[in-house]
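**Q** Got final_26.txt for you, compact mmCIF, C-alpha atoms:
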```
# COMPACT_ATOMS: atom_id res chain seq x y z
CA MET A 691 92.71 119.90 61.63
CA ALA A 692 95.35 121.24 64.01
CA PHE A 693 96.63 119.69 67.22
CA LYS A 694 96.65 121.28 70.63
CA THR A 695 99.86 120.28 72.39
CA LEU A 696 99.49 119.29 76.04
CA THR A 697 101.69 117.91 78.82
CA PRO A 698 102.31 114.30 77.79
CA GLY A 699 100.53 111.57 79.71
CA ALA A 700 99.72 107.89 79.52
CA MET A 701 96.98 108.39 76.94
CA LEU A 702 97.22 105.21 74.90
CA CYS A 703 93.55 104.23 74.48
CA PRO A 704 91.57 102.04 74.62
CA VAL A 705 93.39 99.49 76.76
CA PRO A 706 92.26 96.28 78.43
CA ALA A 707 91.37 96.31 82.14
CA VAL A 708 92.26 92.86 83.36
CA MET A 709 92.12 91.20 86.75
CA VAL A 710 95.52 89.81 87.68
CA SER A 711 95.27 87.01 90.24
CA CYS A 712 98.27 85.97 92.28
CA ALA A 713 99.28 84.13 95.45
CA SER A 714 102.42 83.01 97.24
CA PRO A 715 103.26 80.52 99.98
CA ASN A 716 102.85 83.32 102.52
CA ASP A 717 99.84 85.15 101.08
CA ARG A 718 96.25 84.22 100.35
CA PRO A 719 95.17 84.65 96.73
CA ASN A 720 94.72 88.27 95.74
CA ILE A 721 93.42 90.16 92.73
CA ILE A 722 94.73 93.44 91.32
CA THR A 723 93.08 95.14 88.37
CA ILE A 724 95.56 96.40 85.81
CA ALA A 725 95.04 98.60 82.76
CA TRP A 726 98.75 98.96 82.04
CA ALA A 727 98.96 95.60 80.25
CA GLY A 728 99.78 94.58 76.71
CA THR A 729 100.79 91.75 74.45
CA VAL A 730 104.52 91.97 73.77
CA CYS A 731 105.29 88.89 71.65
CA SER A 732 103.35 86.38 69.51
CA GLN A 733 105.85 83.52 69.37
CA PRO A 734 106.44 82.60 72.13
CA PRO A 735 103.27 84.26 73.42
CA MET A 736 104.18 86.89 76.02
CA LEU A 737 102.53 89.82 77.75
CA SER A 738 103.49 92.53 80.17
CA ILE A 739 101.81 94.11 83.17
CA SER A 740 102.98 97.20 85.04
CA VAL A 741 102.52 97.42 88.81
CA ARG A 742 103.39 100.10 91.35
CA LYS A 743 105.88 98.99 94.01
CA GLU A 744 103.52 100.13 96.78
CA ARG A 745 100.67 97.89 95.64
CA PHE A 746 100.06 94.92 97.95
CA SER A 747 100.29 92.48 95.04
CA HIS A 748 103.76 93.68 94.05
CA HIS A 749 105.63 91.51 96.55
CA ILE A 750 103.41 88.51 95.78
CA LEU A 751 104.21 88.84 92.09
CA THR A 752 107.90 89.23 92.83
CA GLU A 753 108.10 86.33 95.28
CA SER A 754 106.00 83.85 93.30
CA GLY A 755 107.25 84.76 89.81
CA GLU A 756 103.85 83.98 88.35
CA PHE A 757 100.32 85.27 87.90
CA ALA A 758 97.15 84.77 85.92
CA VAL A 759 95.63 87.44 83.69
CA ASN A 760 91.83 87.17 83.67
CA LEU A 761 89.90 88.99 80.96
CA VAL A 762 86.98 91.06 82.21
CA GLY A 763 83.47 90.83 80.81
CA GLU A 764 80.66 93.22 81.65
CA ASP A 765 79.41 90.85 84.36
CA GLN A 766 82.76 91.11 86.18
CA LEU A 767 83.22 94.86 85.79
CA ARG A 768 82.03 95.92 89.24
CA ALA A 769 84.39 93.39 90.81
CA ALA A 770 87.22 94.51 88.56
CA ASP A 771 86.75 98.13 89.54
CA LEU A 772 86.69 97.20 93.23
CA CYS A 773 89.91 95.18 92.80
CA GLY A 774 91.49 98.30 91.31
CA VAL A 775 90.66 100.63 94.18
CA LYS A 776 90.75 98.39 97.28
CA SER A 777 93.87 96.78 98.73
CA GLY A 778 94.38 93.10 99.49
CA ARG A 779 96.01 94.29 102.72
CA ASP A 780 92.52 95.14 103.98
CA ILE A 781 90.14 92.64 102.40
CA ASP A 782 89.96 89.18 100.87
CA LYS A 783 89.02 90.27 97.37
CA PHE A 784 87.83 86.87 96.19
CA ALA A 785 85.37 86.76 99.10
CA ALA A 786 84.42 90.44 98.87
CA CYS A 787 83.60 90.14 95.17
CA GLY A 788 82.01 86.70 95.26
CA LEU A 789 84.63 85.35 92.88
CA THR A 790 85.87 81.76 92.79
CA PRO A 791 89.57 80.85 92.68
CA VAL A 792 90.36 77.81 90.52
CA PRO A 793 93.75 76.09 90.29
CA VAL A 794 95.79 76.65 87.13
CA PRO A 795 97.67 73.52 86.01
CA GLU A 796 100.79 75.42 84.93
CA LEU A 797 101.10 77.60 88.05
CA ALA A 798 102.19 76.67 91.57
CA PHE A 799 100.29 79.32 93.53
CA ALA A 800 98.19 81.73 91.49
CA PRO A 801 94.59 80.69 90.85
CA ALA A 802 92.46 81.85 87.93
CA ILE A 803 89.05 83.45 88.42
CA ALA A 804 86.29 81.00 87.51
CA GLU A 805 83.79 83.70 86.52
CA CYS A 806 86.05 85.42 83.96
CA PRO A 807 85.84 84.60 80.24
CA LEU A 808 89.47 83.60 79.72
CA TYR A 809 92.67 83.31 81.71
CA LEU A 810 96.31 83.45 80.64
CA ALA A 811 98.75 81.67 82.96
CA CYS A 812 101.95 83.73 83.10
CA LYS A 813 105.50 83.18 84.34
CA THR A 814 107.57 86.30 84.85
CA GLN A 815 110.84 86.40 82.94
CA GLN A 816 112.05 89.91 83.64
CA VAL A 817 111.15 92.89 85.83
CA ILE A 818 112.21 96.36 84.73
CA GLU A 819 111.98 99.36 87.06
CA LEU A 820 110.65 102.29 85.04
CA GLY A 821 109.52 104.88 87.59
CA SER A 822 106.08 104.81 89.19
CA HIS A 823 105.63 101.30 87.79
CA ASP A 824 107.68 98.13 87.48
CA LEU A 825 107.24 96.30 84.18
CA PHE A 826 106.73 92.54 84.51
CA ILE A 827 107.47 90.77 81.22
CA ALA A 828 106.06 87.26 81.26
CA ALA A 829 105.66 84.14 79.14
CA ILE A 830 102.09 82.93 78.63
CA VAL A 831 102.42 79.25 79.57
CA GLY A 832 98.79 78.22 79.78
CA MET A 833 95.32 79.34 78.75
CA GLY A 834 91.79 78.47 79.72
CA VAL A 835 88.57 79.58 78.06
CA ARG A 836 85.20 79.43 79.77
CA GLU A 837 83.39 76.56 78.12
CA ASP A 838 80.34 78.60 77.11
CA LEU A 839 82.61 80.73 74.89
CA MET A 840 83.58 77.82 72.63
CA ASP A 841 81.46 77.65 69.48
CA ASP A 842 80.20 74.43 67.90
CA LYS A 843 83.30 74.28 65.67
CA GLY A 844 85.66 74.31 68.65
CA ARG A 845 86.72 77.92 68.12
CA ILE A 846 86.83 80.66 70.73
CA ASP A 847 83.93 83.10 70.26
CA LEU A 848 85.12 86.12 72.21
CA GLN A 849 82.13 88.15 71.01
CA ARG A 850 80.04 86.26 73.56
CA ALA A 851 82.38 87.36 76.36
CA ARG A 852 81.16 90.98 76.24
CA LEU A 853 84.64 92.26 77.10
CA VAL A 854 85.20 95.71 78.52
CA ALA A 855 87.60 98.41 77.27
CA TYR A 856 89.16 101.12 79.43
CA ASN A 857 89.24 104.51 77.78
CA HIS A 858 90.78 107.43 79.69
CA GLY A 859 89.16 106.62 83.02
CA VAL A 860 85.91 105.28 81.56
CA TYR A 861 84.89 101.64 81.15
CA GLN A 862 83.07 101.02 77.89
CA SER A 863 81.34 98.01 76.41
CA LEU A 864 82.46 96.88 72.98
CA GLY A 865 80.15 97.92 70.18
CA GLY A 866 79.56 96.29 66.84
CA ALA A 867 82.25 94.77 64.65
CA ILE A 868 83.35 97.31 62.04
CA GLY A 869 86.10 95.31 60.36
CA PHE A 870 88.54 92.45 60.68
CA PHE A 871 92.29 92.19 60.22
CA GLY A 872 92.90 92.53 56.47
CA TYR A 873 89.42 93.75 55.58
CA SER A 874 90.80 96.74 53.68
CA VAL A 875 92.31 94.42 51.06
CA ALA A 876 89.73 91.60 51.16
CA ALA A 877 87.95 90.52 47.99
CA PRO A 878 84.34 91.76 47.87
CA ASP A 879 82.82 88.29 48.43
CA VAL A 880 85.13 87.55 51.37
CA LEU A 881 84.39 90.96 52.87
CA ALA A 882 80.63 90.45 52.58
CA ARG A 883 80.74 86.95 54.05
CA ARG A 884 83.04 87.79 56.97
CA MET A 885 81.16 90.94 57.92
CA GLN A 886 77.90 88.97 57.83
CA GLU A 887 79.41 86.36 60.17
CA LEU A 888 80.47 89.10 62.58
CA LYS A 889 76.98 90.60 62.80
CA MET B 308 81.55 77.24 84.89
CA ALA B 309 84.56 75.17 83.84
CA PHE B 310 87.46 76.17 81.60
CA LYS B 311 88.58 74.44 78.46
CA THR B 312 92.38 74.50 78.36
CA LEU B 313 93.89 75.34 74.99
CA THR B 314 97.34 75.96 73.54
CA PRO B 315 98.33 79.36 74.95
CA GLY B 316 98.31 82.32 72.61
CA ALA B 317 98.44 86.11 72.63
CA MET B 318 94.81 86.44 73.72
CA LEU B 319 94.92 89.58 75.84
CA CYS B 320 91.81 91.46 74.65
CA PRO B 321 90.70 94.06 73.80
CA VAL B 322 93.85 95.94 72.82
CA PRO B 323 94.39 99.23 71.01
CA ALA B 324 95.25 99.20 67.31
CA VAL B 325 97.42 102.25 66.79
CA MET B 326 99.19 103.69 63.79
CA VAL B 327 102.88 104.15 64.54
CA SER B 328 104.48 106.76 62.31
CA CYS B 329 108.22 106.90 61.84
CA ALA B 330 110.95 108.25 59.56
CA SER B 331 114.72 108.45 59.38
CA PRO B 332 117.25 110.52 57.43
CA ASN B 333 117.32 107.76 54.81
CA ASP B 334 113.65 106.80 54.69
CA ARG B 335 110.45 108.63 53.82
CA PRO B 336 107.82 108.69 56.57
CA ASN B 337 106.12 105.35 57.04
CA ILE B 338 103.19 104.02 59.06
CA ILE B 339 102.90 100.61 60.71
CA THR B 340 99.76 99.54 62.54
CA ILE B 341 100.45 97.86 65.85
CA ALA B 342 98.12 96.04 68.23
CA TRP B 343 100.92 94.82 70.48
CA ALA B 344 101.16 98.13 72.36
CA GLY B 345 100.56 99.11 75.97
CA THR B 346 101.14 101.74 78.60
CA VAL B 347 104.01 100.64 80.84
CA CYS B 348 104.49 103.55 83.25
CA SER B 349 102.51 106.57 84.46
CA GLN B 350 105.31 108.73 85.85
CA PRO B 351 107.27 109.31 83.71
CA PRO B 352 104.69 108.43 81.05
CA MET B 353 105.97 105.52 78.97
CA LEU B 354 104.58 102.99 76.52
CA SER B 355 105.79 99.99 74.61
CA ILE B 356 105.27 98.69 71.09
CA SER B 357 106.34 95.31 69.75
CA VAL B 358 107.54 94.99 66.16
CA ARG B 359 108.74 92.03 64.11
CA LYS B 360 112.33 92.34 62.87
CA GLU B 361 111.23 91.65 59.29
CA ARG B 362 108.83 94.59 59.19
CA PHE B 363 110.04 97.47 57.03
CA SER B 364 109.58 99.94 59.88
CA HIS B 365 111.85 97.98 62.23
CA HIS B 366 115.08 99.46 60.93
CA ILE B 367 113.58 102.97 60.82
CA LEU B 368 112.56 102.66 64.46
CA THR B 369 115.99 101.33 65.40
CA GLU B 370 117.95 103.96 63.46
CA SER B 371 115.88 106.98 64.45
CA GLY B 372 115.20 105.99 68.08
CA GLU B 373 111.81 107.68 67.94
CA PHE B 374 108.25 107.31 66.69
CA ALA B 375 104.76 108.72 67.12
CA VAL B 376 101.82 106.64 68.30
CA ASN B 377 98.60 107.83 66.66
CA LEU B 378 95.28 106.71 68.14
CA VAL B 379 92.79 105.37 65.60
CA GLY B 380 89.20 106.55 65.34
CA GLU B 381 86.56 104.86 63.21
CA ASP B 382 87.24 107.30 60.37
CA GLN B 383 90.87 106.11 60.20
CA LEU B 384 90.18 102.40 60.52
CA ARG B 385 90.40 101.45 56.86
CA ALA B 386 93.76 103.24 56.63
CA ALA B 387 94.94 101.58 59.84
CA ASP B 388 94.06 98.14 58.54
CA LEU B 389 95.85 98.85 55.26
CA CYS B 390 98.94 100.04 57.16
CA GLY B 391 98.89 96.73 59.02
CA VAL B 392 98.86 94.50 55.94
CA LYS B 393 100.86 96.46 53.34
CA SER B 394 104.59 97.17 53.49
CA GLY B 395 106.28 100.55 53.26
CA ARG B 396 108.81 98.83 51.00
CA ASP B 397 106.15 98.80 48.29
CA ILE B 398 104.00 101.87 48.81
CA ASP B 399 104.01 105.35 50.31
CA LYS B 400 101.40 104.73 52.97
CA PHE B 401 100.69 108.39 53.70
CA ALA B 402 99.88 108.93 50.02
CA ALA B 403 98.05 105.62 49.58
CA CYS B 404 95.79 106.33 52.57
CA GLY B 405 95.30 110.05 51.98
CA LEU B 406 96.87 110.84 55.35
CA THR B 407 98.78 114.01 56.16
CA PRO B 408 102.15 113.99 57.96
CA VAL B 409 102.64 116.85 60.41
CA PRO B 410 105.88 117.69 62.21
CA VAL B 411 106.12 116.83 65.90
CA PRO B 412 108.03 119.46 67.92
CA GLU B 413 109.80 116.91 70.15
CA LEU B 414 110.89 114.57 67.36
CA ALA B 415 113.60 114.97 64.73
CA PHE B 416 112.16 112.78 61.98
CA ALA B 417 108.86 111.08 62.77
CA PRO B 418 105.72 113.01 61.82
CA ALA B 419 102.32 112.58 63.43
CA ILE B 420 99.21 111.84 61.39
CA ALA B 421 97.01 114.94 61.15
CA GLU B 422 93.75 113.01 60.78
CA CYS B 423 94.15 110.93 63.96
CA PRO B 424 92.54 112.01 67.26
CA LEU B 425 95.71 112.11 69.37
CA TYR B 426 99.42 111.49 69.02
CA LEU B 427 102.04 110.52 71.56
CA ALA B 428 105.63 111.49 70.66
CA CYS B 429 107.94 108.71 71.83
CA LYS B 430 111.69 108.29 72.29
CA THR B 431 112.94 104.73 72.57
CA GLN B 432 114.87 103.93 75.71
CA GLN B 433 115.37 100.19 75.43
CA VAL B 434 114.82 97.42 72.88
CA ILE B 435 114.38 93.85 74.14
CA GLU B 436 114.46 90.87 71.76
CA LEU B 437 111.70 88.49 72.83
CA GLY B 438 111.20 86.11 69.90
CA SER B 439 108.95 86.93 66.95
CA HIS B 440 108.81 90.51 68.20
CA ASP B 441 111.23 93.12 69.57
CA LEU B 442 109.86 95.17 72.44
CA PHE B 443 110.50 98.92 72.15
CA ILE B 444 110.13 100.64 75.52
CA ALA B 445 109.80 104.39 75.08
CA ALA B 446 109.29 107.62 76.98
CA ILE B 447 106.29 109.71 75.93
CA VAL B 448 107.89 113.12 75.45
CA GLY B 449 105.11 115.02 73.73
CA MET B 450 101.40 114.85 73.07
CA GLY B 451 98.97 116.50 70.70
CA VAL B 452 95.20 116.31 70.70
CA ARG B 453 93.06 117.19 67.69
CA GLU B 454 91.48 120.51 68.54
CA ASP B 455 87.91 119.35 67.99
CA LEU B 456 88.36 116.86 70.85
CA MET B 457 88.93 119.57 73.46
CA ASP B 458 85.77 120.46 75.37
CA ASP B 459 84.80 123.97 76.42
CA LYS B 460 86.53 123.50 79.78
CA GLY B 461 89.87 122.70 78.16
CA ARG B 462 89.64 118.97 78.88
CA ILE B 463 90.20 116.15 76.44
CA ASP B 464 86.89 114.53 75.45
CA LEU B 465 88.01 111.19 74.05
CA GLN B 466 84.40 110.03 73.69
CA ARG B 467 84.20 112.23 70.59
CA ALA B 468 87.16 110.43 69.03
CA ARG B 469 85.15 107.22 68.41
CA LEU B 470 88.22 105.09 69.09
CA VAL B 471 88.48 101.52 67.86
CA ALA B 472 89.34 98.40 69.88
CA TYR B 473 90.96 95.26 68.46
CA ASN B 474 89.48 92.06 69.79
CA HIS B 475 90.91 88.75 68.57
CA GLY B 476 91.17 89.73 64.92
CA VAL B 477 88.07 91.92 64.90
CA TYR B 478 87.90 95.72 65.02
CA GLN B 479 85.05 96.97 67.19
CA SER B 480 83.67 100.36 67.94
CA LEU B 481 83.40 101.39 71.57
CA GLY B 482 79.90 101.13 72.99
CA GLY B 483 78.35 103.03 75.82
CA ALA B 484 80.07 103.98 79.07
CA ILE B 485 79.25 101.38 81.73
CA GLY B 486 81.38 102.75 84.56
CA PHE B 487 84.34 104.88 85.50
CA PHE B 488 87.44 104.24 87.60
CA GLY B 489 86.23 103.97 91.20
CA TYR B 490 82.53 103.71 90.39
CA SER B 491 82.15 100.59 92.52
CA VAL B 492 82.90 102.62 95.67
CA ALA B 493 81.40 105.99 94.62
CA ALA B 494 78.73 107.66 96.75
CA PRO B 495 75.25 107.38 95.18
CA ASP B 496 75.07 111.07 94.23
CA VAL B 497 78.54 111.03 92.64
CA LEU B 498 77.70 107.84 90.79
CA ALA B 499 74.46 109.27 89.43
CA ARG B 500 76.08 112.56 88.35
CA ARG B 501 79.12 110.99 86.69
CA MET B 502 77.13 108.34 84.84
CA GLN B 503 74.78 111.06 83.60
CA GLU B 504 77.76 113.08 82.30
CA LEU B 505 79.05 110.01 80.46
CA LYS B 506 75.77 109.42 78.61
```
How would this structure read if it were set down as structure tokens?
**A**
Amino acid sequence: MAFKTLTPGAMLCPVPAVMVSCASPNDRPNIITIAWAGTVCSQPPMLSISVRKERFSHHILTESGEFAVNLVGEDQLRAADLCGVKSGRDIDKFAACGLTPVPVPELAFAPAIAECPLYLACKTQQVIELGSHDLFIAAIVGMGVREDLMDDKGRIDLQRARLVAYNHGVYQSLGGAIGFFGYSVAAPDVLARRMQELK
Amino acid sequence: MAFKTLTPGAMLCPVPAVMVSCASPNDRPNIITIAWAGTVCSQPPMLSISVRKERFSHHILTESGEFAVNLVGEDQLRAADLCGVKSGRDIDKFAACGLTPVPVPELAFAPAIAECPLYLACKTQQVIELGSHDLFIAAIVGMGVREDLMDDKGRIDLQRARLVAYNHGVYQSLGGAIGFFGYSVAAPDVLARRMQELK
């Protein structure tokens, strides 16, 4: 199969679409939905988000040096989309979306979103100006998981969270499990058992 | 709903699991599967990948200053998983996985993977040591889309690519479209038409 070459674009897919919540001493809590996010380090755990300078949240992120990343399940998708297209200059997004801010122990200002499946409390370590977007590289200093997503063995069951993926402008639900890390080299009995558990 | 606080980890989900292909004057082409990847800038288009220093590909990436990011469809998932757990020190991954290297016009060494839906040709601009992983920040300088993914209007139809998401150790197919960017504020007729197109 041949390739058609096209003008390059930001076509890494699928990516997460997360709600980033932030606040500062001078600003009420705000939410900005971000698809330009990624894990950047396992130990210590770190992630990055990229934000345009002209976004209302940009100065809050810069001034406070912290934020919370809230994963988005299907039940939060409409709110997430709204928080991606509307500006916190014009509306109180928590109120407009019926979302509940909850304090995060590790953060001074930024609340998490009570309705979301999981939050990651982040402290910015470095900001790099790249062009349209500034890259915020942050340490993940705290984590909270909605209690209904913990299974009876005390593990996180993210399958119950019904997370959403963002694929070239389209939000998609996650379909069935089709493998797990290492499945290509798993022994037949391990493969059968794990895939059964994931059903 | 309350949160259970846990030791923080790299729990941003879902993320892409992409095959990064690379080569250098001294090394045959290799493939490393990476889930710690993200878009970092729209204009100019840029992405980042994070790689452990001890991975065989690390020195190839450092020496060549370039790589190709290949999106993974369901048909490439077994190969992608294998390229995440095996080392290029021990095997020729292109041969082992039955994958075909194809030259990328913008790159000197790194080939793309012919079987994958889409490749992004990347030139590294900056490497930041974070801990377990080094962050490679790169410009996207070229792009190729498998010809069968172009629709009859000359647009990319990524729905046909059957891309895979990586969700806390589990590979999942993408399910149905449940929205599009801006759907929460779309006029009823636009909403109805677009959602119909996405079916």
**Q** Counting only C-alpha atoms, figure out which residue out of B:Asp496, B:Glu413, B:Asp459, B:Glu436 gets nearest to A:Thr695.
**A** B:Glu413
**Q** For B:Arg385, list every protein, DNA or RNA residue within 9 Å, evaluated using all atoms listed in the file, and leave out those in the same chain fewer than 4 positions away; present the list as a VMD selection string.
**A** (chain A and resid 869 873 to 874) or (chain B and resid 381 389 to 390 404)
**Q** From the list A:Ala811, A:Met701, A:Ala713, A:Val875, which residue is nearest A:Ile830 when using all atoms listed in the file?
**A** A:Ala811
**Q** Nearest residue to A:Asp824 out of B:Val471, B:Ile420, B:Met353, B:Ala375, using only C-alpha atoms?
**A**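 So, comparing all the options, the nearest one is B:Met353.
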**Q** With distances taken over only C-alpha atoms, which residue among A:His823, A:Arg742, A:Lys843, A:Arg884 lies nearest chain B?
**A**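 Under the stated criterion, the closest residue is A:His823.
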**Q** Return the single residue from B:Ile398, B:Cys329, B:Leu313, B:Ala445 that is closest to chain A, with distances computed using all atoms listed in the file.
**A**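 Closest to chain A of all the choices is B:Leu313.
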**Q** Tell me, in Å to one decimal, how far atom CA of B:Arg453 is from atom CA of A:Ile868.
**A**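 Atom CA of A:Ile868 lies 22.8 Å from atom CA of B:Arg453.
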**Q** I need the residue nearest B:Val327 from this list: B:Ala446, B:Leu354, B:Ala344, B:Val376. Use only C-alpha atoms for the distance.
**A**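 Smallest distance to B:Val327 is found for B:Val376.
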**Q** Please, which residues are within 9 Å of (91.9, 109.5, 74.7) by the file's coordinates, counting all atoms listed in the file, and could they come as a list in words?
**A**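 Checking each residue against the 9 Å limit leaves Met701, Leu702, Cys703, Pro704, Asn857 and His858 of chain A; Leu378, Pro424, Leu425, Val452, Ile463, Asp464, Leu465, Gln466, Ala468 and Leu470 of chain B.
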**Q** Can I get the selected residues back with C-alpha atoms, as a PDB file, in the frame of the given file?
**A**
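Result saved to part.pdb:
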```pdb
ATOM      1  CA  MET A 701      96.980 108.390  76.940  1.00  0.00           C
ATOM      2  CA  LEU A 702      97.220 105.210  74.900  1.00  0.00           C
ATOM      3  CA  CYS A 703      93.550 104.230  74.480  1.00  0.00           C
ATOM      4  CA  PRO A 704      91.570 102.040  74.620  1.00  0.00           C
ATOM      5  CA  ASN A 857      89.240 104.510  77.780  1.00  0.00           C
ATOM      6  CA  HIS A 858      90.780 107.430  79.690  1.00  0.00           C
TER       7      HIS A 858
ATOM      8  CA  LEU B 378      95.280 106.710  68.140  1.00  0.00           C
ATOM      9  CA  PRO B 424      92.540 112.010  67.260  1.00  0.00           C
ATOM     10  CA  LEU B 425      95.710 112.110  69.370  1.00  0.00           C
ATOM     11  CA  VAL B 452      95.200 116.310  70.700  1.00  0.00           C
ATOM     12  CA  ILE B 463      90.200 116.150  76.440  1.00  0.00           C
ATOM     13  CA  ASP B 464      86.890 114.530  75.450  1.00  0.00           C
ATOM     14  CA  LEU B 465      88.010 111.190  74.050  1.00  0.00           C
ATOM     15  CA  GLN B 466      84.400 110.030  73.690  1.00  0.00           C
ATOM     16  CA  ALA B 468      87.160 110.430  69.030  1.00  0.00           C
ATOM     17  CA  LEU B 470      88.220 105.090  69.090  1.00  0.00           C
TER      18      LEU B 470
END
```
**Q** With 6 Å as the threshold, what does the neighbourhood of (99.8, 81.5, 81.6) contain in terms of residues, counting all atoms listed in the file? Coordinates are those of the file; answer as a list in words.
**A**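 Those within range, by chain then number, are Leu810, Ala811, Cys812, Ile830, Val831, Gly832 and Met833 of chain A.
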**Q** Can you tell me which residues surround stretch 432-435 of chain B at a distance of at most 12 Å, considering all atoms listed in the file, apart from same-chain residues fewer than 5 positions away, and format the answer as a count of residues only?
**A** 31
**Q** Between atom CA of B:Tyr478 and atom CA of A:Met885, what is the spacing in Å?
**A**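 Taking atom CA of A:Met885 and atom CA of B:Tyr478, their separation equals 10.9 Å.
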**Q** For A:Met691, find every residue with an atom within 9 Å (counting all atoms listed in the file), except residues of its own chain fewer than 2 positions away, and show them as a PyMOL selection string.
**A** (chain A and resi 693) or (chain B and resi 421-422+453-455)
**Q** Within 8 Å of B:Leu481, counting all atoms listed in the file, which residues show up once you throw out same-chain ones fewer than 5 positions away? Write them as a list in words, please.
**A**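 Everything that qualifies: Ala855, Gln862, Ser863, Leu864, Gly865 and Gly866 of chain A; Arg469, Leu470, Val471 and Ala472 of chain B.
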**Q** If we count all atoms listed in the file and set the cut-off at 10 Å, which residues sit around A:Phe784, ignoring sequence neighbours fewer than 6 positions away in its own chain? Please answer as an NGL selection string.
**A** :A and (711 or 718-721 or 769 or 773 or 778 or 790-791 or 803)
**Q** Using the partial input, fill out stretch 775-788 of chain A with N, CA and C atoms; write the result as a CSV table (one decimal), in the frame of the given file.
**A**
```csv
chain,number,residue,atom,x,y,z
A,775,VAL,N,90.6,99.5,93.2
A,775,VAL,CA,90.7,100.6,94.2
A,775,VAL,C,90.9,100.2,95.6
A,776,LYS,N,90.6,98.9,95.9
A,776,LYS,CA,90.8,98.4,97.3
A,776,LYS,C,92.1,97.6,97.3
A,777,SER,N,92.6,97.5,98.6
A,777,SER,CA,93.9,96.8,98.7
A,777,SER,C,93.6,95.4,99.4
A,778,GLY,N,94.4,94.4,98.9
A,778,GLY,CA,94.4,93.1,99.5
A,778,GLY,C,95.0,93.1,100.9
A,779,ARG,N,95.6,94.2,101.3
A,779,ARG,CA,96.0,94.3,102.7
A,779,ARG,C,94.8,94.3,103.6
A,780,ASP,N,93.7,94.9,103.1
A,780,ASP,CA,92.5,95.1,104.0
A,780,ASP,C,91.4,94.1,103.8
A,781,ILE,N,91.3,93.6,102.6
A,781,ILE,CA,90.1,92.6,102.4
A,781,ILE,C,90.6,91.4,101.6
A,782,ASP,N,89.8,90.4,101.7
A,782,ASP,CA,90.0,89.2,100.9
A,782,ASP,C,89.1,89.5,99.6
A,783,LYS,N,89.8,89.8,98.5
A,783,LYS,CA,89.0,90.3,97.4
A,783,LYS,C,88.2,89.2,96.7
A,784,PHE,N,88.7,87.9,96.7
A,784,PHE,CA,87.8,86.9,96.2
A,784,PHE,C,86.5,86.8,96.9
A,785,ALA,N,86.6,86.8,98.3
A,785,ALA,CA,85.4,86.8,99.1
A,785,ALA,C,84.5,88.0,98.9
A,786,ALA,N,85.2,89.2,98.9
A,786,ALA,CA,84.4,90.4,98.9
A,786,ALA,C,83.7,90.6,97.6
A,787,CYS,N,84.2,90.0,96.5
A,787,CYS,CA,83.6,90.1,95.2
A,787,CYS,C,82.8,88.9,94.8
A,788,GLY,N,82.7,87.9,95.6
A,788,GLY,CA,82.0,86.7,95.3
A,788,GLY,C,82.6,86.0,94.1
```
